[in-house]
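Source file: coords34.cif. Holds: mmCIF, C-alpha atoms.
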data_coords
#
loop_
_atom_site.label_atom_id
_atom_site.label_comp_id
_atom_site.auth_asym_id
_atom_site.auth_seq_id
_atom_site.Cartn_x
_atom_site.Cartn_y
_atom_site.Cartn_z
CA MET A 1 154.15 146.35 149.65
CA TYR A 2 153.91 149.33 147.33
CA LEU A 3 156.89 150.68 145.43
CA THR A 4 157.76 154.31 145.77
CA ARG A 5 158.20 156.51 142.75
CA ARG A 6 161.95 156.53 143.33
CA SER A 7 162.08 152.71 143.40
CA ARG A 8 160.17 152.53 140.12
CA TRP A 9 162.60 154.90 138.47
CA PHE A 10 165.51 152.81 139.76
CA GLY A 11 163.86 149.69 138.34
CA LEU A 12 163.45 151.33 134.95
CA LEU A 13 167.05 152.48 135.09
CA PHE A 14 168.23 148.89 135.53
CA LEU A 15 165.99 147.74 132.67
CA LEU A 16 167.19 150.48 130.34
CA PRO A 17 170.39 148.71 129.07
CA PHE A 18 168.40 145.61 128.15
CA LEU A 19 165.67 147.65 126.47
CA ILE A 20 168.21 149.61 124.42
CA CYS A 21 169.95 146.41 123.24
CA PHE A 22 166.58 144.76 122.56
CA VAL A 23 165.38 147.64 120.39
CA LEU A 24 168.68 148.23 118.57
CA PHE A 25 169.70 144.63 117.90
CA TRP A 26 166.37 142.77 117.64
CA LEU A 27 163.30 144.93 117.14
CA LEU A 28 164.69 147.44 114.64
CA PRO A 29 166.44 144.77 112.47
CA LEU A 30 163.23 142.73 112.45
CA VAL A 31 161.09 145.67 111.36
CA TYR A 32 163.67 146.75 108.78
CA GLY A 33 163.89 143.17 107.45
CA ILE A 34 160.10 143.02 107.05
CA TRP A 35 160.19 146.36 105.21
CA MET A 36 162.95 145.14 102.88
CA SER A 37 161.08 141.91 102.12
CA LEU A 38 158.14 143.99 100.84
CA HIS A 39 160.32 145.97 98.43
CA ASP A 40 162.50 145.31 95.40
CA PHE A 41 165.68 145.98 97.32
CA ARG A 42 169.04 145.52 95.64
CA LEU A 43 172.33 145.45 97.49
CA SER A 44 174.02 147.72 94.98
CA PHE A 45 171.15 150.04 93.93
CA GLY A 46 169.07 150.20 97.10
CA GLU A 47 165.28 150.30 97.21
CA ASN A 48 163.53 150.16 93.81
CA GLY A 49 159.87 150.32 94.77
CA PHE A 50 157.20 148.57 96.79
CA VAL A 51 156.29 145.04 95.60
CA GLY A 52 154.10 143.86 98.47
CA LEU A 53 154.02 140.09 98.90
CA SER A 54 155.57 139.41 95.51
CA ASN A 55 158.81 138.09 97.02
CA TYR A 56 156.88 135.64 99.20
CA ARG A 57 154.73 134.48 96.25
CA ASP A 58 157.86 133.86 94.19
CA LEU A 59 159.32 131.76 97.00
CA LEU A 60 156.22 129.73 97.83
CA PHE A 61 154.05 129.46 94.72
CA ASN A 62 155.86 130.53 91.54
CA GLU A 63 158.41 128.28 89.89
CA THR A 64 161.41 130.59 89.93
CA VAL A 65 165.13 130.28 90.50
CA HIS A 66 164.65 131.66 94.00
CA GLN A 67 161.98 129.09 94.84
CA ARG A 68 164.16 126.19 93.67
CA LEU A 69 167.07 127.48 95.72
CA PHE A 70 164.88 128.05 98.77
CA LEU A 71 163.24 124.61 98.69
CA ALA A 72 166.51 122.79 97.96
CA THR A 73 168.42 124.46 100.79
CA LEU A 74 165.48 124.08 103.18
CA THR A 75 165.35 120.34 102.39
CA ASN A 76 169.10 120.01 103.00
CA THR A 77 168.76 121.78 106.34
CA LEU A 78 165.88 119.54 107.42
CA TRP A 79 167.90 116.44 106.49
CA PHE A 80 170.78 117.73 108.60
CA MET A 81 168.42 118.26 111.54
CA LEU A 82 167.15 114.70 111.16
CA TYR A 83 170.70 113.34 111.14
CA SER A 84 172.26 115.46 113.89
CA VAL A 85 169.63 116.28 116.53
CA PRO A 86 168.99 112.70 117.78
CA LEU A 87 172.73 112.03 117.97
CA LEU A 88 173.43 115.28 119.80
CA VAL A 89 170.73 114.60 122.39
CA ILE A 90 171.42 110.88 122.91
CA CYS A 91 175.23 111.14 122.93
CA SER A 92 175.22 114.05 125.36
CA LEU A 93 172.86 112.18 127.70
CA LEU A 94 175.01 109.03 127.56
CA LEU A 95 178.16 111.05 128.32
CA ALA A 96 176.40 112.73 131.25
CA LEU A 97 175.30 109.36 132.66
CA LEU A 98 178.83 107.99 132.24
CA ILE A 99 180.46 110.94 134.02
CA ARG A 100 177.86 110.88 136.80
CA HIS A 101 178.84 107.33 137.74
CA LEU A 102 182.58 108.03 137.72
CA PRO A 103 184.50 108.48 140.98
CA ARG A 104 184.43 112.06 142.22
CA ARG A 105 188.12 112.66 141.55
CA PHE A 106 187.66 111.89 137.83
CA LYS A 107 184.44 113.84 137.21
CA THR A 108 185.98 117.29 136.85
CA PHE A 109 188.71 116.03 134.52
CA PHE A 110 186.40 114.26 132.05
CA ARG A 111 183.78 117.01 132.22
CA THR A 112 186.44 119.51 131.18
CA ILE A 113 187.81 117.24 128.44
CA PHE A 114 184.41 116.72 126.81
CA PHE A 115 183.50 120.41 127.06
CA MET A 116 186.77 121.71 125.59
CA SER A 117 185.69 121.05 121.99
CA TYR A 118 182.75 123.44 122.44
CA SER A 119 185.14 126.35 123.02
CA ILE A 120 186.83 125.85 119.61
CA SER A 121 185.76 128.03 116.68
CA VAL A 122 184.00 126.52 113.68
CA THR A 123 187.02 127.42 111.54
CA ALA A 124 189.35 125.32 113.68
CA VAL A 125 186.86 122.43 113.80
CA SER A 126 186.50 122.48 110.01
CA ALA A 127 190.28 122.52 109.55
CA ILE A 128 190.65 119.49 111.84
CA TYR A 129 188.04 117.45 110.01
CA LEU A 130 189.29 118.48 106.58
CA TRP A 131 192.66 117.01 107.57
CA LEU A 132 191.12 113.89 109.11
CA PHE A 133 188.89 113.13 106.10
CA ALA A 134 191.10 114.40 103.28
CA THR A 135 191.02 112.18 100.19
CA ASN A 136 194.77 112.15 99.70
CA GLY A 137 196.81 111.71 102.85
CA GLY A 138 193.90 112.04 105.29
CA PHE A 139 194.20 110.18 108.59
CA ILE A 140 190.94 108.23 108.19
CA ASN A 141 191.75 107.07 104.67
CA ARG A 142 195.28 106.03 105.66
CA LEU A 143 193.95 104.13 108.66
CA LEU A 144 191.31 102.29 106.61
CA LEU A 145 193.85 101.47 103.89
CA ASP A 146 196.35 100.11 106.43
CA LEU A 147 193.63 97.93 107.98
CA HIS A 148 192.58 96.75 104.47
CA PHE A 149 188.98 97.89 104.99
CA ILE A 150 189.05 99.79 101.68
CA ASN A 151 191.03 99.35 98.48
CA SER A 152 191.12 102.99 97.37
CA PRO A 153 190.74 106.34 99.16
CA VAL A 154 187.20 107.51 99.86
CA ASN A 155 186.13 110.99 98.71
CA TRP A 156 184.65 111.91 102.07
CA THR A 157 183.82 115.53 101.27
CA SER A 158 183.02 115.13 97.57
CA ASP A 159 180.60 112.18 97.46
CA GLN A 160 177.34 111.43 99.16
CA PRO A 161 176.42 110.12 101.69
CA PHE A 162 179.97 110.58 103.01
CA ALA A 163 179.73 114.39 102.95
CA TRP A 164 176.85 114.35 105.41
CA VAL A 165 178.70 111.81 107.56
CA VAL A 166 181.68 114.14 107.92
CA ILE A 167 179.51 117.18 108.69
CA VAL A 168 177.41 115.32 111.28
CA ILE A 169 180.46 113.82 113.01
CA ALA A 170 182.16 117.22 113.13
CA THR A 171 179.02 118.87 114.53
CA VAL A 172 178.47 116.22 117.20
CA TRP A 173 182.12 116.33 118.31
CA TRP A 174 182.05 120.12 118.38
CA THR A 175 178.81 120.78 120.30
CA VAL A 176 178.08 117.67 122.37
CA GLY A 177 179.91 119.09 125.40
CA PHE A 178 177.41 121.89 126.01
CA ASN A 179 174.40 119.56 126.08
CA MET A 180 176.36 117.13 128.24
CA LEU A 181 176.87 119.81 130.93
CA LEU A 182 173.16 120.61 130.95
CA PHE A 183 172.23 116.94 131.37
CA LEU A 184 174.93 116.44 134.00
CA ASN A 185 173.60 119.30 136.12
CA ALA A 186 170.08 117.90 135.80
CA LEU A 187 171.22 114.40 136.82
CA GLU A 188 172.94 115.79 139.90
CA GLU A 189 169.57 117.14 141.06
CA VAL A 190 167.85 113.75 141.00
CA ASP A 191 167.10 112.55 144.54
CA ASN A 192 169.22 109.47 145.35
CA THR A 193 166.56 108.18 147.74
CA LEU A 194 164.39 107.42 144.72
CA TYR A 195 167.06 105.08 143.37
CA GLU A 196 167.48 103.47 146.78
CA ALA A 197 163.76 102.84 147.08
CA ALA A 198 163.62 101.42 143.54
CA SER A 199 166.58 99.12 144.26
CA LEU A 200 164.86 97.79 147.37
CA ASP A 201 161.78 97.09 145.26
CA GLY A 202 163.93 95.11 142.81
CA ALA A 203 163.91 97.57 139.92
CA SER A 204 166.67 97.06 137.36
CA PRO A 205 168.98 99.95 136.31
CA TRP A 206 167.10 100.20 133.02
CA HIS A 207 163.73 100.53 134.76
CA GLN A 208 165.22 103.08 137.15
CA PHE A 209 166.38 105.11 134.16
CA LEU A 210 162.95 104.94 132.49
CA ARG A 211 160.82 105.55 135.59
CA ILE A 212 162.99 107.92 137.63
CA THR A 213 165.75 109.56 135.61
CA LEU A 214 163.90 110.45 132.41
CA PRO A 215 160.76 111.91 134.08
CA THR A 216 162.90 113.96 136.47
CA ILE A 217 165.11 115.50 133.77
CA ARG A 218 162.21 116.06 131.35
CA PRO A 219 162.39 119.92 131.51
CA ILE A 220 166.12 119.93 130.72
CA THR A 221 165.62 117.37 127.95
CA PHE A 222 162.99 119.58 126.37
CA PHE A 223 165.28 122.62 126.65
CA VAL A 224 168.20 120.72 125.10
CA LEU A 225 165.97 119.50 122.26
CA ILE A 226 164.71 123.01 121.50
CA THR A 227 168.15 124.65 121.54
CA THR A 228 169.69 121.82 119.49
CA LEU A 229 166.99 122.08 116.83
CA ILE A 230 167.46 125.85 116.57
CA ALA A 231 171.24 125.49 116.37
CA SER A 232 170.98 122.77 113.71
CA PHE A 233 168.58 124.90 111.69
CA ASN A 234 171.26 127.61 111.65
CA LEU A 235 173.78 125.33 109.93
CA TYR A 236 176.34 127.39 108.03
CA GLY A 237 180.01 127.23 108.99
CA GLN A 238 180.57 123.47 108.73
CA THR A 239 179.09 123.09 105.26
CA LEU A 240 180.72 126.26 103.98
CA LEU A 241 184.23 125.33 105.15
CA ILE A 242 184.20 121.53 104.84
CA THR A 243 182.17 120.74 101.72
CA ARG A 244 181.58 124.20 100.18
CA GLY A 245 177.94 123.20 99.88
CA GLY A 246 178.74 120.28 97.59
CA PRO A 247 178.57 117.83 96.07
CA GLU A 248 176.10 119.44 93.65
CA GLN A 249 174.71 121.71 96.40
CA SER A 250 173.51 118.68 98.36
CA THR A 251 174.91 120.13 101.61
CA THR A 252 174.07 123.77 100.92
CA SER A 253 172.17 124.99 103.98
CA LEU A 254 169.34 127.51 104.06
CA ILE A 255 171.59 130.26 105.42
CA MET A 256 174.04 129.59 102.60
CA GLY A 257 171.14 129.94 100.15
CA ILE A 258 170.19 133.28 101.72
CA ASN A 259 173.82 134.40 101.48
CA THR A 260 173.90 133.43 97.79
CA THR A 261 170.65 135.30 97.10
CA VAL A 262 171.83 138.50 98.79
CA PHE A 263 175.49 138.68 97.82
CA GLY A 264 175.60 136.44 94.74
CA GLN A 265 172.35 137.49 93.04
CA ASN A 266 172.10 141.05 94.43
CA GLN A 267 168.57 140.39 95.74
CA LEU A 268 168.43 141.80 99.26
CA GLY A 269 164.63 141.98 99.36
CA MET A 270 164.30 138.34 98.31
CA GLY A 271 166.97 137.34 100.84
CA ALA A 272 165.06 139.16 103.59
CA ALA A 273 161.89 137.26 102.65
CA MET A 274 163.81 133.96 102.79
CA ALA A 275 165.20 134.83 106.21
CA LEU A 276 161.75 135.72 107.57
CA LEU A 277 160.28 132.49 106.21
CA MET A 278 163.14 130.62 107.86
CA GLY A 279 162.29 132.24 111.20
CA PHE A 280 158.60 131.41 110.71
CA ILE A 281 159.42 127.75 110.03
CA MET A 282 161.57 127.63 113.16
CA MET A 283 158.66 129.08 115.17
CA ILE A 284 156.33 126.37 113.81
CA ILE A 285 158.77 123.58 114.71
CA THR A 286 159.29 125.02 118.20
CA GLY A 287 155.54 125.42 118.72
CA MET A 288 154.95 121.81 117.71
CA GLN A 289 157.54 120.71 120.26
CA PHE A 290 155.87 122.75 122.99
CA PHE A 291 152.51 121.20 122.13
CA VAL A 292 153.87 117.63 122.14
CA SER A 293 155.66 118.24 125.45
CA TYR A 294 152.50 119.72 126.97
CA MET A 295 150.35 116.77 125.88
CA ALA A 296 152.92 114.26 127.18
CA THR A 297 153.08 116.03 130.55
CA LYS A 298 149.30 116.25 130.74
CA LYS A 299 148.85 112.49 130.25
CA GLU A 300 151.37 111.49 132.89
CA PRO A 301 150.65 111.63 136.62
CA VAL A 302 152.03 114.58 138.51
CA LEU A 303 155.69 113.93 139.24
CA ALA A 304 155.66 115.68 142.58
CA LYS A 305 153.11 113.22 144.00
CA SER A 306 155.09 110.22 142.83
CA VAL A 307 158.29 111.69 144.26
CA THR A 308 156.61 112.27 147.64
CA GLN A 309 155.19 108.75 147.70
CA LYS A 310 158.54 107.20 146.81
CA LYS A 311 160.32 109.27 149.45
CA THR A 312 157.77 108.17 152.05
CA THR A 313 158.13 104.52 151.02
CA SER A 314 161.92 104.78 151.09
CA SER A 315 162.01 106.37 154.55
CA ALA A 316 159.52 103.84 155.92
CA THR A 317 161.57 100.98 154.49
CA ASN A 318 164.75 102.35 156.04
CA ILE A 319 163.07 102.72 159.44
CA THR A 320 161.77 99.14 159.24
CA LEU A 321 165.23 97.79 158.34
CA LYS A 322 166.85 99.71 161.21
CA SER A 323 164.29 98.46 163.73
CA ASP A 324 164.73 94.86 162.56
CA ALA A 325 168.48 95.18 162.87
CA GLU A 326 168.15 96.56 166.43
CA LYS A 327 165.86 93.68 167.41
CA GLU A 328 168.37 91.13 166.09
CA ARG A 329 171.15 92.76 168.14
CA LYS A 330 169.03 92.62 171.32
CA ILE A 331 168.18 88.98 170.75
CA THR A 332 171.81 88.02 170.20
#

Whole structure, structure tokens version:
Amino acid sequence: MYLTRRSRWFGLLFLLPFLICFVLFWLLPLVYGIWMSLHDFRLSFGENGFVGLSNYRDLLFNETVHQRLFLATLTNTLWFMLYSVPLLVICSLLLALLIRHLPRRFKTFFRTIFFMSYSISVTAVSAIYLWLFATNGGFINRLLLDLHFINSPVNWTSDQPFAWVVIVIATVWWTVGFNMLLFLNALEEVDNTLYEAASLDGASPWHQFLRITLPTIRPITFFVLITTLIASFNLYGQTLLITRGGPEQSTTSLIMGINTTVFGQNQLGMGAAMALLMGFIMMIITGMQFFVSYMATKKEPVLAKSVTQKKTTSSATNITLKSDAEKERKIT
């Protein structure tokens, strides 16, 4: 079927809003950011000449103030990813499994309750956890003192490793609902006949989870892992509002370092180079995940064949059970 010229124009007309937004809000800022990173660009004085790759050399190879700030904030961000991403993925999956096995009349209620925290702004979340973990008069400190678990108040936001504990807990509580909904929708798509066939074969719930649930929800798991890593790499609001980047800049994220370089040190060109390197690192991490997922999928047998075989086995087993039951009725 060939499209007429009029249909093609209509198709381009529908694409035009997306293309305009893509060019204005993604392509042009990217090109302009690359141009700024190649110049000595100051926030107050503007462009002061072409410097080529000098900003990138200062960040990667030369021992400068900017390199120390870049490496320190990058390390802090990677530590946060290591702490938060496994918890966000595992906790959201556990919540989805729990809600899936609840009675139907309770599912909507608990799904809404767990997702509500995701709709709260980072400012409100930070205010809540600042009150909970305040040194003087905070709820957590008062509770631990009343239970005699501690003898003096803990400086949750001023000492390590407690500062990371507060930030990770706040992040998990804030964002776990979104991942939970994704997992819950994926679990609802799993064919129940596979579980029935596995139960007839004597498979335990744990083996059913490993052999049926996880392979079936693999695409959603990969998507959740990718989006969670990207979101964790963009850490900014929690550390800025809860710990102010302290203690001793140990929770200062990479975006906070870029903000300091641009607005605190008046180095817009250097900040643009840091932002582009940040995007490049995120692309490398995402590419590695795609490669690992591809290799894992390539080694495993095709899921569709196993699903078809299990469905056939399940239906055959059900037919056999029904025929045996009918024979017993006739005999009696």

#### Entry: Nearest candidate to Phe290 (chain A) (options A:Met180, A:Leu225, A:Met270, A:Leu130; using only C-alpha atoms)
A:Leu225

### Given all atoms listed in the file as the counted atoms, nearest of A:Leu210, A:Val125, A:Asn48, A:Ser152 to Leu241 (chain A)
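Of A:Leu210, A:Val125, A:Asn48, A:Ser152, the one nearest Leu241 (chain A) is A:Val125, counting all atoms listed in the file.
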
### Task
Find, counting all atoms listed in the file, the residue in A:Gly33, A:Pro103, A:Gly177, A:Gly264 that gets nearest to Met116 (chain A).
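Selected residue with least distance to Met116 (chain A): A:Gly177.
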
### Task
Extract, using all atoms listed in the file, all DNA, RNA and protein residues at most 7 Å from Ala96 (chain A), discarding same-chain residues fewer than 2 positions from it, and format them as a list of chain:residue names.
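Listing them by chain and then by number gives A:Ser92, A:Leu93, A:Leu94, A:Leu98, A:Ile99, A:Arg100, A:Met180, A:Phe183, A:Leu184.
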
### Query
At a cut-off of 12 Å from (175.5, 125.9, 90.2) in the coordinates of the file, what residues are picked up using all atoms listed in the file, written as a PyMOL selection string?
chain A and resi 65+68-69+244-250+252+257+260+264

### Task
Give the answer as one residue: which of A:Thr64, A:Val172, A:Ile220, A:Ala272 has the shortest atom-to-atom distance to Val31 (chain A), using all atoms listed in the file?
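The shortest atom-to-atom distance to Val31 (chain A) comes from A:Ala272.
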
### Task
Determine the nearest neighbour of Ala134 (chain A) from the options A:Ile281, A:Leu19, A:Ala163, A:Ile255, counting all atoms listed in the file.
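Closest residue, counting all atoms listed in the file: A:Ala163.
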
### Query
Which of these, A:Leu214, A:Asp58, A:Ile20, A:Leu27, has the shortest distance to Gly271 (chain A) once you count only C-alpha atoms?
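Checking each candidate against Gly271 (chain A), we get A:Asp58 as the closest.
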
### Message
If we count only C-alpha atoms and set the cut-off at 12 Å, which residues sit around Ser119 (chain A), ignoring sequence neighbours fewer than 4 positions away in its own chain? Please answer as an MDAnalysis selection string.
### Response
chainID A and resid 112:115 123:125 173:178

Could you tell me which residues the PyMOL selection byres ((chain A and resi 276) around 12) grabs in this file, written as a compact mmCIF listing (two decimals) with C-alpha atoms, keeping the file's coordinate frame?
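Saved to selection06.txt:
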# COMPACT_ATOMS: atom_id res chain seq x y z
CA PRO A 29 166.44 144.77 112.47
CA LEU A 30 163.23 142.73 112.45
CA VAL A 31 161.09 145.67 111.36
CA TYR A 32 163.67 146.75 108.78
CA GLY A 33 163.89 143.17 107.45
CA ILE A 34 160.10 143.02 107.05
CA TRP A 35 160.19 146.36 105.21
CA MET A 36 162.95 145.14 102.88
CA SER A 37 161.08 141.91 102.12
CA LEU A 38 158.14 143.99 100.84
CA ASN A 55 158.81 138.09 97.02
CA TYR A 56 156.88 135.64 99.20
CA LEU A 59 159.32 131.76 97.00
CA LEU A 254 169.34 127.51 104.06
CA ILE A 255 171.59 130.26 105.42
CA ILE A 258 170.19 133.28 101.72
CA GLY A 269 164.63 141.98 99.36
CA MET A 270 164.30 138.34 98.31
CA GLY A 271 166.97 137.34 100.84
CA ALA A 272 165.06 139.16 103.59
CA ALA A 273 161.89 137.26 102.65
CA MET A 274 163.81 133.96 102.79
CA ALA A 275 165.20 134.83 106.21
CA LEU A 277 160.28 132.49 106.21
CA MET A 278 163.14 130.62 107.86
CA GLY A 279 162.29 132.24 111.20
CA PHE A 280 158.60 131.41 110.71
CA ILE A 281 159.42 127.75 110.03
CA MET A 282 161.57 127.63 113.16
CA MET A 283 158.66 129.08 115.17

### Query
Could you spell out the hits of the PyMOL selection byres ((chain A and resi 51) around 9) on the shown file, as a list in words?
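When the PyMOL selection byres ((chain A and resi 51) around 9) is applied to the shown file, the picked residues are Ser37, Leu38, His39, Asp40, Gly49, Phe50, Gly52, Leu53, Ser54 and Asn55 of chain A.
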
### Query
Suppose you want the space between CA of Leu88 (chain A) and CA of Ile212 (chain A); what is it in Å?
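Atom-to-atom, CA of Leu88 (chain A) and CA of Ile212 (chain A) are spaced 21.9 Å apart.
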
### Message
So the first atom is CA of Leu268 (chain A) and the second is CA of Met256 (chain A); what is the distance between them in Å, to one decimal place?
### Response
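Computing it gives 13.8 Å between the two atoms.
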
### Query
So how many Å separate CA of Leu145 (chain A) and CA of Leu240 (chain A), to one decimal?
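Computed distance, CA of Leu145 (chain A) to CA of Leu240 (chain A), equals 28.1 Å.
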
### Task
Pull out every residue that the PyMOL selection byres ((chain A and resi 216) around 10) matches in the shown coordinates and put them as a count of residues only.
20

### Query
Do you know which residues lie at most 12 Å from (192.8, 114.0, 94.7), with coordinates as in the file and all atoms listed in the file counted, and could you write them as an MDAnalysis selection string?
chainID A and resid 134:138 152:158

Exercise on region 282-296 of chain A, axis-aligned box with 8 Å per side, report centre and edge lengths in Å to one decimal, as AutoDock Vina command-line options:
--center_x 156.0 --center_y 121.7 --center_z 120.2 --size_x 27.2 --size_y 30.8 --size_z 30.0
